[in-house]
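J.: Before I ask anything, here is the structure I am working with.
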Amino acid sequence: GGCPAAEVCVCVVIVNAGARSGREVAQAYLEFPDALEGSEPRLQLRGFKKTAVLPPGGQEEVCFPLSARDLSVYSPGAGGIFQLQDRARLHVGSSSADLRHSIDLPILSVARSAAGKRLPSAGPPPEDEERSEASKKGRHGD
């Protein structure tokens, strides 16, 4: 695990809480609350990782490396360059419509004081193929 060359590294633990073996594709999205309205899509895919086949109860850590550019938004008012944002919210889930964990990233303080260091691990709710299919159809019991 880990991401040694990243400005920020966020790791999550995927757990198969189902009765059958399965895989998950964890997707990481960034949201920039301070970006100008309409200047950026609300959610921006910044990475995805496919787990190995996990047996029931199995788990795997997946890490998402984020570069300075990943943590920036396009700013036409600043001459069309990318501006590092003060903060962002990272969401992890099986799709943009099924986000299961979120964390606020104080980017400037993190990037300056902990560049390349891992943030504390946080795990989204358990996932397996059977539940994933049900959640895509909006029929999970959460």
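Every chain in the structure tokens has a letter given in the order shown (A, B, ...), and although residue numbers restart at 1 in each chain, ligands are simply numbered from 1 in the order shown.
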Which neighbours of Leu84 (chain A) fall inside 7 Å, counting only C-alpha atoms, when residues of the same chain fewer than 2 positions from it are skipped, and could you give them as a PyMOL selection string?

T.: chain A and resi 68+71-73+82+86

J.: For Val15 (chain A), which residue out of A:Cys3, A:Ala35, A:Val62, A:Leu45 is the nearest one, using only C-alpha atoms?

T.: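 Among A:Cys3, A:Ala35, A:Val62, A:Leu45, it is A:Val62 that comes nearest to Val15 (chain A).
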
J.: Could you pull out the strand (DSSP E or B) residues of region 2-124 of chain A, going by DSSP on the backbone, and write them as a ChimeraX atom specification?

T.: /A:8-15,22,25-31,44-50,54,59-66,72-75,81-84,88-95,98-105,118

J.: Could you check which of A:Pro4, A:Gly79, A:Pro55, A:Pro33 is closest to Asp104 (chain A), using only C-alpha atoms?

T.: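 Using only C-alpha atoms, the shortest distance to Asp104 (chain A) belongs to A:Pro33.
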
J.: Which distance in Å separates CA of Glu61 (chain A) and CA of Val12 (chain A), to one decimal?

T.: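 A separation of 5.6 Å between them.
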
J.: Give me, please, the distance in Å between CA of Leu66 (chain A) and CA of Leu54 (chain A), quoted to one decimal.

T.: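 It comes out at 25.8 Å.
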
J.: Using only C-alpha atoms, pick whichever of A:Ala6, A:Lys49, A:Cys11, A:Leu43 has the shortest atom-to-atom distance to Ala97 (chain A).

T.: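 When distances to Ala97 (chain A) are compared using only C-alpha atoms, the smallest one comes from A:Leu43.
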
J.: When you count only C-alpha atoms, which of these residues is closest to Pro76 (chain A): A:Ala26, A:Ser21, A:Ser39, A:Phe32?

T.: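 Smallest distance to Pro76 (chain A) is found for A:Ser39.
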
J.: Would you mind listing what lies within 12 Å of Arg42 (chain A) as a list of chain:residue names, with only C-alpha atoms counted and same-chain residues fewer than 4 positions away left out?

T.: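 With the cut-off at 12 Å, the set is A:Tyr29, A:Leu30, A:Glu31, A:Phe32, A:Pro33, A:Asp34, A:Ala35, A:Leu36, A:Glu37, A:Gly38, A:Val73, A:Ala88, A:Arg89, A:Leu90, A:His91, A:Ser96.
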
J.: Write a file of the selected residues as a tab-separated table (two decimals), in the first residue's frame, keeping N, CA and C atoms.

T.:
chain	number	residue	atom	x	y	z
A	29	TYR	N	-13.34	10.32	-5.39
A	29	TYR	CA	-13.80	11.57	-6.02
A	29	TYR	C	-13.44	12.74	-5.13
A	30	LEU	N	-13.01	13.85	-5.74
A	30	LEU	CA	-12.76	15.08	-4.99
A	30	LEU	C	-13.87	16.07	-5.28
A	31	GLU	N	-14.22	16.82	-4.25
A	31	GLU	CA	-15.19	17.90	-4.34
A	31	GLU	C	-14.50	19.13	-3.76
A	32	PHE	N	-14.58	20.26	-4.47
A	32	PHE	CA	-13.94	21.49	-4.03
A	32	PHE	C	-15.01	22.50	-3.63
A	33	PRO	N	-15.31	22.62	-2.34
A	33	PRO	CA	-16.39	23.51	-1.90
A	33	PRO	C	-16.11	24.99	-2.15
A	34	ASP	N	-14.84	25.38	-2.29
A	34	ASP	CA	-14.51	26.79	-2.47
A	34	ASP	C	-14.37	27.18	-3.94
A	35	ALA	N	-14.49	26.24	-4.87
A	35	ALA	CA	-14.39	26.57	-6.29
A	35	ALA	C	-15.59	27.41	-6.70
A	36	LEU	N	-15.38	28.27	-7.68
A	36	LEU	CA	-16.47	29.10	-8.17
A	36	LEU	C	-17.60	28.24	-8.70
A	37	GLU	N	-18.81	28.61	-8.37
A	37	GLU	CA	-20.01	27.88	-8.82
A	37	GLU	C	-19.98	27.74	-10.34
A	38	GLY	N	-20.12	26.53	-10.82
A	38	GLY	CA	-20.16	26.27	-12.26
A	38	GLY	C	-18.81	26.19	-12.93
A	73	VAL	N	-7.85	23.40	-9.09
A	73	VAL	CA	-8.92	23.63	-10.05
A	73	VAL	C	-8.44	24.64	-11.09
A	88	ALA	N	-10.61	20.52	0.33
A	88	ALA	CA	-11.39	19.65	-0.56
A	88	ALA	C	-12.03	18.58	0.30
A	89	ARG	N	-13.00	17.91	-0.29
A	89	ARG	CA	-13.64	16.78	0.38
A	89	ARG	C	-13.43	15.57	-0.52
A	90	LEU	N	-12.87	14.50	0.03
A	90	LEU	CA	-12.64	13.28	-0.73
A	90	LEU	C	-13.76	12.31	-0.39
A	91	HIS	N	-14.36	11.74	-1.42
A	91	HIS	CA	-15.42	10.74	-1.26
A	91	HIS	C	-14.93	9.44	-1.87
A	96	SER	N	-20.08	7.26	-8.33
A	96	SER	CA	-20.40	8.62	-7.87
A	96	SER	C	-21.80	8.69	-7.27

J.: Give me, please, the distance in Å between CA of Gly57 (chain A) and CA of Cys9 (chain A), quoted to one decimal.

T.: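 The value is 25.2 Å.
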